[in-house]
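So this block is target-v7.pdb, PDB, C-alpha atoms, pLDDT in the B column:
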ATOM      1  CA  MET S1037      65.626  90.995  73.863  1.00 61.00           C
ATOM      2  CA  SER S1038      65.797  94.773  74.365  1.00 69.00           C
ATOM      3  CA  THR S1039      68.018  96.788  72.038  1.00 84.00           C
ATOM      4  CA  GLY S1040      69.733 100.038  72.994  1.00 93.00           C
ATOM      5  CA  GLN S1041      69.668 103.125  70.774  1.00 96.00           C
ATOM      6  CA  LEU S1042      72.753 105.273  70.163  1.00 97.00           C
ATOM      7  CA  THR S1043      73.735 108.004  67.685  1.00 96.00           C
ATOM      8  CA  VAL S1044      77.404 108.676  66.904  1.00 96.00           C
ATOM      9  CA  THR S1045      79.131 111.073  64.512  1.00 95.00           C
ATOM     10  CA  LEU S1046      81.982 110.488  62.111  1.00 94.00           C
ATOM     11  CA  ARG S1047      85.282 111.984  63.310  1.00 91.00           C
ATOM     12  CA  ASN S1048      87.673 113.465  60.750  1.00 84.00           C
ATOM     13  CA  THR S1049      90.325 114.726  63.158  1.00 78.00           C
ATOM     14  CA  SER S1050      92.821 112.853  65.314  1.00 76.00           C
ATOM     15  CA  GLY S1051      95.565 113.610  67.816  1.00 80.00           C
ATOM     16  CA  LYS S1052      95.751 114.673  71.468  1.00 84.00           C
ATOM     17  CA  GLY S1053      94.521 118.237  70.906  1.00 85.00           C
ATOM     18  CA  PRO S1054      91.253 117.388  69.117  1.00 84.00           C
ATOM     19  CA  ALA S1055      90.692 114.493  71.551  1.00 86.00           C
ATOM     20  CA  ARG S1056      90.946 116.869  74.546  1.00 87.00           C
ATOM     21  CA  GLN S1057      88.487 119.277  72.934  1.00 86.00           C
ATOM     22  CA  LEU S1058      86.104 116.393  72.257  1.00 88.00           C
ATOM     23  CA  ARG S1059      86.233 115.208  75.880  1.00 88.00           C
ATOM     24  CA  ALA S1060      85.672 118.756  77.121  1.00 87.00           C
ATOM     25  CA  SER S1061      82.368 118.771  75.207  1.00 88.00           C
ATOM     26  CA  GLY S1062      81.189 115.564  76.928  1.00 87.00           C
ATOM     27  CA  LYS S1063      82.131 113.225  74.090  1.00 93.00           C
ATOM     28  CA  VAL S1064      85.009 110.788  73.632  1.00 94.00           C
ATOM     29  CA  PRO S1065      86.867 109.468  70.596  1.00 94.00           C
ATOM     30  CA  GLY S1066      86.059 105.949  69.458  1.00 95.00           C
ATOM     31  CA  VAL S1067      86.537 103.431  66.681  1.00 95.00           C
ATOM     32  CA  PHE S1068      83.935 101.328  64.858  1.00 96.00           C
ATOM     33  CA  TYR S1069      84.917  97.989  63.273  1.00 95.00           C
ATOM     34  CA  GLY S1070      83.646  94.447  62.714  1.00 94.00           C
ATOM     35  CA  ALA S1071      81.127  92.978  60.271  1.00 91.00           C
ATOM     36  CA  SER S1072      77.501  93.777  59.490  1.00 88.00           C
ATOM     37  CA  THR S1073      74.837  91.920  57.535  1.00 85.00           C
ATOM     38  CA  ASP S1074      76.629  93.095  54.367  1.00 85.00           C
ATOM     39  CA  GLY S1075      79.988  91.670  55.461  1.00 85.00           C
ATOM     40  CA  PRO S1076      83.152  93.150  57.016  1.00 87.00           C
ATOM     41  CA  ILE S1077      83.354  96.927  57.343  1.00 89.00           C
ATOM     42  CA  SER S1078      86.440  99.107  57.199  1.00 90.00           C
ATOM     43  CA  PRO S1079      87.305 100.576  60.627  1.00 93.00           C
ATOM     44  CA  PHE S1080      86.396 104.252  60.975  1.00 93.00           C
ATOM     45  CA  GLN S1081      86.703 106.866  63.707  1.00 94.00           C
ATOM     46  CA  ILE S1082      83.691 108.180  65.593  1.00 95.00           C
ATOM     47  CA  ALA S1083      82.748 110.597  68.379  1.00 95.00           C
ATOM     48  CA  VAL S1084      80.557 109.130  71.137  1.00 96.00           C
ATOM     49  CA  ASP S1085      78.446 110.890  73.746  1.00 95.00           C
ATOM     50  CA  VAL S1086      79.308 109.097  77.019  1.00 93.00           C
ATOM     51  CA  LYS S1087      75.962 109.784  78.712  1.00 94.00           C
ATOM     52  CA  ALA S1088      74.050 108.550  75.643  1.00 95.00           C
ATOM     53  CA  LEU S1089      76.178 105.391  75.561  1.00 95.00           C
ATOM     54  CA  LYS S1090      75.475 104.611  79.232  1.00 95.00           C
ATOM     55  CA  ALA S1091      71.752 105.160  78.637  1.00 96.00           C
ATOM     56  CA  ALA S1092      71.847 102.727  75.693  1.00 96.00           C
ATOM     57  CA  LEU S1093      73.247  99.888  77.835  1.00 95.00           C
ATOM     58  CA  ASP S1094      70.826  97.561  79.588  1.00 94.00           C
ATOM     59  CA  PRO S1095      71.486  97.807  83.376  1.00 92.00           C
ATOM     60  CA  VAL S1096      71.536  93.994  83.607  1.00 92.00           C
ATOM     61  CA  ARG S1097      73.225  92.965  80.361  1.00 92.00           C
ATOM     62  CA  ARG S1098      75.602  95.920  80.441  1.00 93.00           C
ATOM     63  CA  GLN S1099      78.413  95.360  77.932  1.00 93.00           C
ATOM     64  CA  ASN S1100      76.522  92.493  76.264  1.00 95.00           C
ATOM     65  CA  THR S1101      73.664  94.803  75.237  1.00 95.00           C
ATOM     66  CA  VAL S1102      72.958  94.818  71.501  1.00 95.00           C
ATOM     67  CA  ILE S1103      72.908  98.478  70.378  1.00 96.00           C
ATOM     68  CA  SER S1104      71.349  99.911  67.244  1.00 96.00           C
ATOM     69  CA  VAL S1105      73.886 102.582  66.255  1.00 96.00           C
ATOM     70  CA  THR S1106      72.949 105.438  63.937  1.00 96.00           C
ATOM     71  CA  ILE S1107      76.002 106.987  62.252  1.00 95.00           C
ATOM     72  CA  GLU S1108      75.790 110.636  61.276  1.00 95.00           C
ATOM     73  CA  ASP S1109      78.057 112.896  59.228  1.00 93.00           C
ATOM     74  CA  GLY S1110      77.350 116.618  59.175  1.00 87.00           C
ATOM     75  CA  GLY S1111      73.928 116.055  60.721  1.00 88.00           C
ATOM     76  CA  LYS S1112      72.891 113.521  58.075  1.00 94.00           C
ATOM     77  CA  THR S1113      72.390 109.818  58.717  1.00 94.00           C
ATOM     78  CA  VAL S1114      74.953 107.698  56.876  1.00 91.00           C
ATOM     79  CA  ARG S1115      73.885 104.215  57.978  1.00 92.00           C
ATOM     80  CA  THR S1116      72.586 102.189  60.916  1.00 94.00           C
ATOM     81  CA  LEU S1117      74.446  99.155  62.321  1.00 95.00           C
ATOM     82  CA  SER S1118      73.934  96.674  65.149  1.00 95.00           C
ATOM     83  CA  ALA S1119      76.860  96.684  67.557  1.00 96.00           C
ATOM     84  CA  LEU S1120      78.250  95.632  70.927  1.00 96.00           C
ATOM     85  CA  LEU S1121      80.404  97.699  73.255  1.00 96.00           C
ATOM     86  CA  LYS S1122      83.618  95.759  72.738  1.00 94.00           C
ATOM     87  CA  ASP S1123      85.969  97.774  74.962  1.00 94.00           C
ATOM     88  CA  TYR S1124      86.470 101.115  76.689  1.00 93.00           C
ATOM     89  CA  GLN S1125      89.303 102.930  78.433  1.00 93.00           C
ATOM     90  CA  LEU S1126      89.187 104.835  81.725  1.00 92.00           C
ATOM     91  CA  ASP S1127      91.214 107.742  83.055  1.00 89.00           C
ATOM     92  CA  PRO S1128      93.499 106.269  85.777  1.00 91.00           C
ATOM     93  CA  VAL S1129      92.721 109.105  88.213  1.00 93.00           C
ATOM     94  CA  ARG S1130      89.218 110.433  87.490  1.00 89.00           C
ATOM     95  CA  ARG S1131      87.921 107.045  86.211  1.00 90.00           C
ATOM     96  CA  ASP S1132      86.106 108.805  83.354  1.00 90.00           C
ATOM     97  CA  VAL S1133      85.605 107.032  80.016  1.00 92.00           C
ATOM     98  CA  THR S1134      88.278 108.289  77.590  1.00 92.00           C
ATOM     99  CA  HIS S1135      87.895 105.987  74.543  1.00 94.00           C
ATOM    100  CA  VAL S1136      85.316 103.550  73.158  1.00 96.00           C
ATOM    101  CA  ASP S1137      85.469 100.545  70.798  1.00 96.00           C
ATOM    102  CA  LEU S1138      82.217  99.511  69.093  1.00 97.00           C
ATOM    103  CA  LEU S1139      82.017  96.143  67.340  1.00 96.00           C
ATOM    104  CA  ALA S1140      79.615  95.889  64.404  1.00 96.00           C
ATOM    105  CA  ILE S1141      77.758  92.551  64.399  1.00 96.00           C
ATOM    106  CA  ASP S1142      75.312  90.523  62.362  1.00 95.00           C
ATOM    107  CA  PRO S1143      72.424  89.678  64.739  1.00 92.00           C
ATOM    108  CA  ALA S1144      71.929  86.357  62.921  1.00 93.00           C
ATOM    109  CA  LYS S1145      75.527  85.188  63.445  1.00 95.00           C
ATOM    110  CA  GLU S1146      77.402  84.036  66.552  1.00 96.00           C
ATOM    111  CA  VAL S1147      79.625  86.386  68.524  1.00 95.00           C
ATOM    112  CA  GLN S1148      82.030  85.889  71.405  1.00 95.00           C
ATOM    113  CA  ALA S1149      81.168  87.468  74.746  1.00 95.00           C
ATOM    114  CA  SER S1150      82.325  87.434  78.363  1.00 96.00           C
ATOM    115  CA  VAL S1151      79.603  86.300  80.789  1.00 97.00           C
ATOM    116  CA  PRO S1152      79.899  86.691  84.593  1.00 97.00           C
ATOM    117  CA  LEU S1153      79.523  83.667  86.893  1.00 98.00           C
ATOM    118  CA  GLU S1154      77.120  83.555  89.840  1.00 97.00           C
ATOM    119  CA  PHE S1155      78.102  81.203  92.690  1.00 97.00           C
ATOM    120  CA  THR S1156      75.173  79.740  94.648  1.00 95.00           C
ATOM    121  CA  GLY S1157      74.957  77.566  97.790  1.00 94.00           C
ATOM    122  CA  LYS S1158      77.158  77.154 100.870  1.00 92.00           C
ATOM    123  CA  PRO S1159      80.083  74.720 100.384  1.00 93.00           C
ATOM    124  CA  LYS S1160      80.307  71.742 102.736  1.00 92.00           C
ATOM    125  CA  GLY S1161      84.038  72.297 103.188  1.00 92.00           C
ATOM    126  CA  VAL S1162      83.458  75.634 104.950  1.00 91.00           C
ATOM    127  CA  ILE S1163      82.033  73.740 107.945  1.00 88.00           C
ATOM    128  CA  ASP S1164      85.383  71.919 108.291  1.00 87.00           C
ATOM    129  CA  GLY S1165      87.321  75.186 108.146  1.00 91.00           C
ATOM    130  CA  GLY S1166      88.020  75.093 104.417  1.00 92.00           C
ATOM    131  CA  VAL S1167      88.763  78.244 102.418  1.00 94.00           C
ATOM    132  CA  ILE S1168      87.129  79.035  99.051  1.00 95.00           C
ATOM    133  CA  HIS S1169      89.615  79.956  96.316  1.00 95.00           C
ATOM    134  CA  THR S1170      88.026  81.650  93.283  1.00 96.00           C
ATOM    135  CA  VAL S1171      90.062  81.280  90.087  1.00 97.00           C
ATOM    136  CA  MET S1172      87.739  83.066  87.625  1.00 97.00           C
ATOM    137  CA  ARG S1173      84.573  85.119  87.864  1.00 97.00           C
ATOM    138  CA  SER S1174      83.549  85.049  84.182  1.00 97.00           C
ATOM    139  CA  ILE S1175      84.051  82.857  81.106  1.00 98.00           C
ATOM    140  CA  GLU S1176      84.083  83.439  77.365  1.00 97.00           C
ATOM    141  CA  VAL S1177      81.179  81.984  75.397  1.00 98.00           C
ATOM    142  CA  ARG S1178      80.051  81.921  71.768  1.00 97.00           C
ATOM    143  CA  CYS S1179      76.423  82.294  70.698  1.00 97.00           C
ATOM    144  CA  LYS S1180      74.037  84.559  68.821  1.00 96.00           C
ATOM    145  CA  PRO S1181      73.723  88.068  70.296  1.00 94.00           C
ATOM    146  CA  SER S1182      70.139  87.429  71.424  1.00 91.00           C
ATOM    147  CA  ASP S1183      71.253  84.274  73.317  1.00 94.00           C
ATOM    148  CA  ILE S1184      74.023  85.861  75.397  1.00 96.00           C
ATOM    149  CA  PRO S1185      73.222  84.897  79.037  1.00 95.00           C
ATOM    150  CA  VAL S1186      72.995  87.597  81.673  1.00 95.00           C
ATOM    151  CA  LYS S1187      74.792  85.340  84.199  1.00 96.00           C
ATOM    152  CA  LEU S1188      75.860  81.708  84.434  1.00 97.00           C
ATOM    153  CA  PRO S1189      74.956  80.096  87.807  1.00 97.00           C
ATOM    154  CA  LEU S1190      77.273  77.521  89.396  1.00 97.00           C
ATOM    155  CA  ASP S1191      76.251  75.543  92.509  1.00 97.00           C
ATOM    156  CA  ILE S1192      79.267  75.294  94.840  1.00 96.00           C
ATOM    157  CA  SER S1193      77.464  73.623  97.780  1.00 95.00           C
ATOM    158  CA  PRO S1194      78.947  70.117  97.065  1.00 94.00           C
ATOM    159  CA  LEU S1195      82.518  71.425  97.433  1.00 95.00           C
ATOM    160  CA  GLU S1196      84.527  69.674 100.162  1.00 95.00           C
ATOM    161  CA  ILE S1197      88.165  70.229 101.105  1.00 95.00           C
ATOM    162  CA  GLY S1198      90.336  69.334  98.128  1.00 95.00           C
ATOM    163  CA  ASP S1199      87.500  69.529  95.558  1.00 96.00           C
ATOM    164  CA  VAL S1200      87.648  71.639  92.383  1.00 97.00           C
ATOM    165  CA  LEU S1201      84.928  72.773  89.979  1.00 97.00           C
ATOM    166  CA  HIS S1202      85.861  73.292  86.325  1.00 98.00           C
ATOM    167  CA  VAL S1203      84.331  75.143  83.387  1.00 97.00           C
ATOM    168  CA  SER S1204      82.840  71.845  82.226  1.00 97.00           C
ATOM    169  CA  ASP S1205      80.735  71.785  85.442  1.00 97.00           C
ATOM    170  CA  ILE S1206      78.837  74.923  84.372  1.00 97.00           C
ATOM    171  CA  GLN S1207      75.407  74.247  82.887  1.00 96.00           C
ATOM    172  CA  LEU S1208      75.169  76.258  79.650  1.00 97.00           C
ATOM    173  CA  PRO S1209      71.852  77.243  78.036  1.00 96.00           C
ATOM    174  CA  ALA S1210      70.928  75.859  74.629  1.00 95.00           C
ATOM    175  CA  GLY S1211      72.840  77.528  71.812  1.00 95.00           C
ATOM    176  CA  VAL S1212      75.663  78.693  74.088  1.00 97.00           C
ATOM    177  CA  ILE S1213      79.155  77.174  73.719  1.00 97.00           C
ATOM    178  CA  ALA S1214      82.032  77.746  76.148  1.00 97.00           C
ATOM    179  CA  VAL S1215      85.159  79.195  74.547  1.00 97.00           C
ATOM    180  CA  THR S1216      87.138  78.994  77.801  1.00 97.00           C
ATOM    181  CA  GLY S1217      88.711  75.533  78.199  1.00 96.00           C
ATOM    182  CA  GLY S1218      86.475  72.965  79.919  1.00 96.00           C
ATOM    183  CA  ARG S1219      89.345  71.672  82.096  1.00 96.00           C
ATOM    184  CA  ASP S1220      90.151  75.149  83.451  1.00 97.00           C
ATOM    185  CA  ALA S1221      89.496  75.477  87.205  1.00 97.00           C
ATOM    186  CA  VAL S1222      86.797  77.918  88.286  1.00 98.00           C
ATOM    187  CA  VAL S1223      86.671  77.530  92.091  1.00 97.00           C
ATOM    188  CA  SER S1224      88.254  75.192  94.659  1.00 96.00           C
ATOM    189  CA  MET S1225      88.038  74.396  98.363  1.00 95.00           C
ATOM    190  CA  GLN S1226      91.406  74.554 100.109  1.00 94.00           C
ATOM    191  CA  ALA S1227      92.415  73.168 103.516  1.00 91.00           C
ATOM    192  CA  PRO S1228      92.902  75.704 106.328  1.00 86.00           C
ATOM    193  CA  GLU S1229      96.458  76.872 106.922  1.00 78.00           C
ATOM    194  CA  LYS S1230      98.333  75.325 109.876  1.00 72.00           C
ATOM    195  CA  GLU S1231      99.785  77.610 112.535  1.00 63.00           C
ATOM    196  CA  GLU S1232     103.566  77.798 112.969  1.00 59.00           C
ATOM    197  CA  VAL S1233     103.813  76.330 116.519  1.00 57.00           C
ATOM    198  CA  VAL S1234     107.604  75.743 116.463  1.00 55.00           C
ATOM    199  CA  ALA S1235     108.383  79.287 115.453  1.00 53.00           C
ATOM    200  CA  THR S1236     106.192  80.635 118.240  1.00 53.00           C
ATOM    201  CA  THR S1237     107.933  78.445 120.900  1.00 53.00           C
ATOM    202  CA  ASP S1238     111.412  79.554 119.820  1.00 56.00           C
ATOM    203  CA  ALA S1239     110.345  83.187 119.854  1.00 52.00           C
ATOM    204  CA  ALA S1240     109.001  82.830 123.421  1.00 53.00           C
ATOM    205  CA  ALA S1241     112.191  81.066 124.647  1.00 52.00           C
ATOM    206  CA  ALA S1242     114.481  83.846 123.459  1.00 54.00           C
ATOM    207  CA  PRO S1243     113.235  86.501 125.912  1.00 56.00           C
ATOM    208  CA  ALA S1244     113.403  83.962 128.800  1.00 51.00           C
ATOM    209  CA  GLU S1245     117.057  83.159 128.085  1.00 55.00           C
ATOM    210  CA  GLY S1246     117.853  86.853 127.889  1.00 53.00           C
ATOM    211  CA  ALA S1247     116.155  87.490 131.221  1.00 50.00           C
ATOM    212  CA  ALA S1248     118.175  84.688 132.921  1.00 50.00           C
ATOM    213  CA  ALA S1249     121.441  86.083 131.613  1.00 50.00           C
ATOM    214  CA  ALA S1250     120.522  89.544 132.774  1.00 49.00           C
ATOM    215  CA  GLY S1251     119.688  88.203 136.258  1.00 51.00           C
ATOM    216  CA  ALA S1252     123.075  86.452 136.596  1.00 48.00           C
ATOM    217  CA  ALA S1253     124.888  89.586 135.589  1.00 48.00           C
ATOM    218  CA  ALA S1254     122.933  91.624 138.125  1.00 49.00           C
ATOM    219  CA  GLY S1255     124.033  89.226 140.984  1.00 51.00           C
ATOM    220  CA  ALA S1256     127.768  89.717 140.367  1.00 48.00           C
ATOM    221  CA  LYS S1257     129.796  91.957 142.764  1.00 50.00           C
ATOM    222  CA  PRO S1258     130.674  95.394 141.517  1.00 48.00           C
ATOM    223  CA  GLY S1259     134.190  95.565 140.054  1.00 49.00           C
ATOM    224  CA  ALA S1260     134.659  91.786 139.948  1.00 47.00           C
ATOM    225  CA  ALA S1261     136.826  90.662 137.044  1.00 46.00           C
ATOM    226  CA  PRO S1262     135.426  87.830 134.908  1.00 47.00           C
ATOM    227  CA  ALA S1263     136.933  84.444 135.748  1.00 46.00           C
ATOM    228  CA  ALA S1264     139.241  82.856 133.175  1.00 45.00           C
ATOM    229  CA  ALA S1265     137.852  79.908 131.252  1.00 45.00           C
ATOM    230  CA  GLY S1266     138.336  76.676 133.213  1.00 46.00           C
ATOM    231  CA  ALA S1267     139.796  78.415 136.284  1.00 46.00           C
ATOM    232  CA  LYS S1268     138.340  77.905 139.753  1.00 49.00           C
ATOM    233  CA  PRO S1269     136.822  80.888 141.497  1.00 48.00           C
ATOM    234  CA  GLY S1270     139.360  82.636 143.770  1.00 47.00           C
ATOM    235  CA  ALA S1271     142.410  80.966 142.175  1.00 46.00           C
ATOM    236  CA  ALA S1272     143.914  84.198 140.859  1.00 46.00           C
ATOM    237  CA  PRO S1273     143.968  86.019 144.269  1.00 46.00           C
ATOM    238  CA  ALA S1274     145.485  82.969 146.052  1.00 45.00           C
ATOM    239  CA  ALA S1275     148.423  82.784 143.653  1.00 43.00           C
ATOM    240  CA  ALA S1276     149.096  86.445 144.088  1.00 44.00           C
ATOM    241  CA  GLY S1277     149.312  86.063 147.899  1.00 45.00           C
ATOM    242  CA  LYS S1278     151.800  83.115 147.730  1.00 44.00           C
ATOM    243  CA  ASP S1279     154.215  85.046 145.564  1.00 46.00           C
ATOM    244  CA  ALA S1280     154.142  87.943 148.008  1.00 43.00           C
ATOM    245  CA  LYS S1281     155.257  85.731 150.955  1.00 46.00           C
ATOM    246  CA  ALA S1282     158.082  83.961 149.011  1.00 46.00           C
ATOM    247  CA  ALA S1283     159.919  87.180 148.095  1.00 47.00           C
ATOM    248  CA  PRO S1284     162.809  87.872 150.658  1.00 49.00           C
ATOM    249  CA  ALA S1285     162.923  91.148 152.472  1.00 49.00           C
ATOM    250  CA  ALA S1286     165.675  93.496 151.332  1.00 47.00           C
ATOM    251  CA  LYS S1287     168.732  93.723 153.736  1.00 51.00           C
ATOM    252  CA  PRO S1288     169.550  97.109 155.226  1.00 49.00           C
ATOM    253  CA  ALA S1289     172.602  98.757 153.672  1.00 47.00           C
ATOM    254  CA  LYS S1290     175.866  98.804 155.671  1.00 48.00           C
ATOM    255  CA  LYS S1291     177.103 102.117 156.940  1.00 42.00           C
TER     256      LYS S1291
END

Turn the structure described in the file into C-alpha cells.
Amino acid sequence: MSTGQLTVTLRNTSGKGPARQLRASGKVPGVFYGASTDGPISPFQIAVDVKALKAALDPVRRQNTVISVTIEDGGKTVRTLSALLKDYQLDPVRRDVTHVDLLAIDPAKEVQASVPLEFTGKPKGVIDGGVIHTVMRSIEVRCKPSDIPVKLPLDISPLEIGDVLHVSDIQLPAGVIAVTGGRDAVVSMQAPEKEEVVATTDAAAAPAEGAAAAGAAAGAKPGAAPAAAGAKPGAAPAAAGKDAKAAPAAKPAKK
C-alpha cells in the first residue's frame, strides 16, 4: 500500500485574523488528534499546505490514503505520525479548503472508514419500465488501514420491480467488517409511476363546456332580457299586451 508524505507546522495562534493571514499564504488551519503507536495524543493545532496535502493523497484512495505526517516547530522536526484525512471544510462560494482535520492512527490497529459503492450490471426491472432508487452510495467499514478497500462492488443485475438490496448483500473482503447496519437498504427497483388519466379528462372537458356556453350567449338577440326561471319564452310580453287592452279609455271632459 502506498503512503503519502506530508509536512505540517505547529500553530501557536488562533482566531479569524491569523487564520485569514494563513490562508492568504496558501496554508489553512487544522487540528491533529487521535492515537499513535504510543497511545492517545492530545489534540494540537497545525498549519497545513493545501497543495502539499492534495499531492499526498492517492488519486484512487483519496481520503482513505495513509499519510506519514512530519510535524515541525520552528523548522525543527518534532515527531512523525501516521494519519488519515478525517475531515475538511470548504468555502461555500469559492469551494477552497478552509480547515483540515488529521486523525493520528496506529497502522497495526483497525480504523473506521467510509468506502464508496460501485454498482455493476443492468437490472432486469429496467426492461419492464422500473426505476432504480439509490439509497446510499457508500458505507462505513472497520479494518486495518492497509485493508481499506478502494471501492465495494455490488451487482444490481438481478433486481426486478419490488426488489431491494441491503448492506448484507455486499461482498466484503477478508478483514473488512461493515459498520453500517446489514438490514439497511442500499438500492431498490421501483414500479413506474401511473399517469393521472382522470385529471387529464376533467381538464380537457372544462374548455369544451366553456366554449358551449360562449356559443349560446353569442346566439342570443342583442338587448334581450334573460328569461325568469321556470317562465316560458315570450310570456312576459304577452301579459303586458293584455293589460294594455283591458284599461278603459278616459272620457272627454264636459264643457

**Request:** For CA of Thr1156 (chain S) and CA of Asp1220 (chain S), quote the distance in Å rounded to one decimal.
**Result:**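 CA of Asp1220 (chain S) lies at a distance of 19.3 Å from CA of Thr1156 (chain S).
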
**Message:** Just to confirm, what's the straight-line distance from CA of Asp1164 (chain S) to CA of Pro1194 (chain S) in Å (one decimal)?
**Reply:** 13.1 Å

**Request:** Quick one: apply the PyMOL selection byres ((chain S and resi 1062) around 12) to the file and drop the selected residues here as a PyMOL selection string.
**Result:** chain S and resi 1055-1061+1063-1065+1083-1089+1132-1135

**Item:** Length of the CA of Pro1185 (chain S) to CA of Ile1168 (chain S) vector [Å]
**Value:** 25.1 Å

**Message:** If the PyMOL selection byres ((chain S and resi 1139-1151) around 10) were run on this exact file, what residues would it hold? Put them as a PyMOL selection string.
**Reply:** chain S and resi 1067-1077+1079+1097+1099-1100+1102-1105+1117-1123+1136-1138+1152-1154+1173-1188+1211-1216

Restricting the output to C-alpha atoms, write the selected residues as a JSON list (two decimals), in the coordinates of the input.
[["chain", "number", "residue", "atom", "x", "y", "z"],
["S", 1067, "VAL", "CA", 86.54, 103.43, 66.68],
["S", 1068, "PHE", "CA", 83.94, 101.33, 64.86],
["S", 1069, "TYR", "CA", 84.92, 97.99, 63.27],
["S", 1070, "GLY", "CA", 83.65, 94.45, 62.71],
["S", 1071, "ALA", "CA", 81.13, 92.98, 60.27],
["S", 1072, "SER", "CA", 77.50, 93.78, 59.49],
["S", 1073, "THR", "CA", 74.84, 91.92, 57.54],
["S", 1074, "ASP", "CA", 76.63, 93.10, 54.37],
["S", 1075, "GLY", "CA", 79.99, 91.67, 55.46],
["S", 1076, "PRO", "CA", 83.15, 93.15, 57.02],
["S", 1077, "ILE", "CA", 83.35, 96.93, 57.34],
["S", 1079, "PRO", "CA", 87.30, 100.58, 60.63],
["S", 1097, "ARG", "CA", 73.22, 92.96, 80.36],
["S", 1099, "GLN", "CA", 78.41, 95.36, 77.93],
["S", 1100, "ASN", "CA", 76.52, 92.49, 76.26],
["S", 1102, "VAL", "CA", 72.96, 94.82, 71.50],
["S", 1103, "ILE", "CA", 72.91, 98.48, 70.38],
["S", 1104, "SER", "CA", 71.35, 99.91, 67.24],
["S", 1105, "VAL", "CA", 73.89, 102.58, 66.26],
["S", 1117, "LEU", "CA", 74.45, 99.16, 62.32],
["S", 1118, "SER", "CA", 73.93, 96.67, 65.15],
["S", 1119, "ALA", "CA", 76.86, 96.68, 67.56],
["S", 1120, "LEU", "CA", 78.25, 95.63, 70.93],
["S", 1121, "LEU", "CA", 80.40, 97.70, 73.26],
["S", 1122, "LYS", "CA", 83.62, 95.76, 72.74],
["S", 1123, "ASP", "CA", 85.97, 97.77, 74.96],
["S", 1136, "VAL", "CA", 85.32, 103.55, 73.16],
["S", 1137, "ASP", "CA", 85.47, 100.54, 70.80],
["S", 1138, "LEU", "CA", 82.22, 99.51, 69.09],
["S", 1152, "PRO", "CA", 79.90, 86.69, 84.59],
["S", 1153, "LEU", "CA", 79.52, 83.67, 86.89],
["S", 1154, "GLU", "CA", 77.12, 83.56, 89.84],
["S", 1173, "ARG", "CA", 84.57, 85.12, 87.86],
["S", 1174, "SER", "CA", 83.55, 85.05, 84.18],
["S", 1175, "ILE", "CA", 84.05, 82.86, 81.11],
["S", 1176, "GLU", "CA", 84.08, 83.44, 77.36],
["S", 1177, "VAL", "CA", 81.18, 81.98, 75.40],
["S", 1178, "ARG", "CA", 80.05, 81.92, 71.77],
["S", 1179, "CYS", "CA", 76.42, 82.29, 70.70],
["S", 1180, "LYS", "CA", 74.04, 84.56, 68.82],
["S", 1181, "PRO", "CA", 73.72, 88.07, 70.30],
["S", 1182, "SER", "CA", 70.14, 87.43, 71.42],
["S", 1183, "ASP", "CA", 71.25, 84.27, 73.32],
["S", 1184, "ILE", "CA", 74.02, 85.86, 75.40],
["S", 1185, "PRO", "CA", 73.22, 84.90, 79.04],
["S", 1186, "VAL", "CA", 73.00, 87.60, 81.67],
["S", 1187, "LYS", "CA", 74.79, 85.34, 84.20],
["S", 1188, "LEU", "CA", 75.86, 81.71, 84.43],
["S", 1211, "GLY", "CA", 72.84, 77.53, 71.81],
["S", 1212, "VAL", "CA", 75.66, 78.69, 74.09],
["S", 1213, "ILE", "CA", 79.16, 77.17, 73.72],
["S", 1214, "ALA", "CA", 82.03, 77.75, 76.15],
["S", 1215, "VAL", "CA", 85.16, 79.19, 74.55],
["S", 1216, "THR", "CA", 87.14, 78.99, 77.80]]

**Request:** Determine the residue membership of the PyMOL selection byres ((chain S and resi 1165) around 10) for the file above and supply it as a ChimeraX atom specification.
**Result:** /S:1160-1164,1166-1168,1197,1225-1229

Serialized selection, C-alpha atoms, as a JSON list (two decimals), in the frame of the given file:
[["chain", "number", "residue", "atom", "x", "y", "z"],
["S", 1160, "LYS", "CA", 80.31, 71.74, 102.74],
["S", 1161, "GLY", "CA", 84.04, 72.30, 103.19],
["S", 1162, "VAL", "CA", 83.46, 75.63, 104.95],
["S", 1163, "ILE", "CA", 82.03, 73.74, 107.94],
["S", 1164, "ASP", "CA", 85.38, 71.92, 108.29],
["S", 1166, "GLY", "CA", 88.02, 75.09, 104.42],
["S", 1167, "VAL", "CA", 88.76, 78.24, 102.42],
["S", 1168, "ILE", "CA", 87.13, 79.04, 99.05],
["S", 1197, "ILE", "CA", 88.16, 70.23, 101.10],
["S", 1225, "MET", "CA", 88.04, 74.40, 98.36],
["S", 1226, "GLN", "CA", 91.41, 74.55, 100.11],
["S", 1227, "ALA", "CA", 92.42, 73.17, 103.52],
["S", 1228, "PRO", "CA", 92.90, 75.70, 106.33],
["S", 1229, "GLU", "CA", 96.46, 76.87, 106.92]]

**Request:** For Lys1158 (chain S), work out the shell of residues within 9 Å, counting only C-alpha atoms and skipping chain neighbours fewer than 5 positions away, then give it as a ChimeraX atom specification.
**Result:** /S:1191-1195

Would you list the contacts of Thr1101 (chain S) as a tab-separated table (two decimals) with C-alpha atoms, in the coordinates of the input, taking every protein, DNA or RNA residue within 7 Å and counting only C-alpha atoms, but skipping same-chain residues closer than 3 positions in sequence?
chain	number	residue	atom	x	y	z
S	1039	THR	CA	68.02	96.79	72.04
S	1040	GLY	CA	69.73	100.04	72.99
S	1093	LEU	CA	73.25	99.89	77.83
S	1094	ASP	CA	70.83	97.56	79.59
S	1097	ARG	CA	73.22	92.96	80.36
S	1098	ARG	CA	75.60	95.92	80.44
S	1120	LEU	CA	78.25	95.63	70.93

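Shortest atom-to-atom contact with Gln1041 (chain S) among S:Gln1125, S:Arg1131, S:Gln1081, S:Lys1090: S:Lys1090, counting only C-alpha atoms.
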
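Proximity of S:Thr1170, S:Thr1043, S:Lys1112, S:Val1222 to Asp1205 (chain S), computed with only C-alpha atoms, is greatest for S:Val1222.
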
With 3 Å of padding per side, what axis-aligned box (centre and edge lengths, Å, one decimal) covers all the listed atoms of region 1127-1139 of chain S? Give it as lines of an AutoDock Vina configuration file.
center_x = 87.8
center_y = 103.3
center_z = 77.8
size_x = 17.5
size_y = 20.3
size_z = 26.9
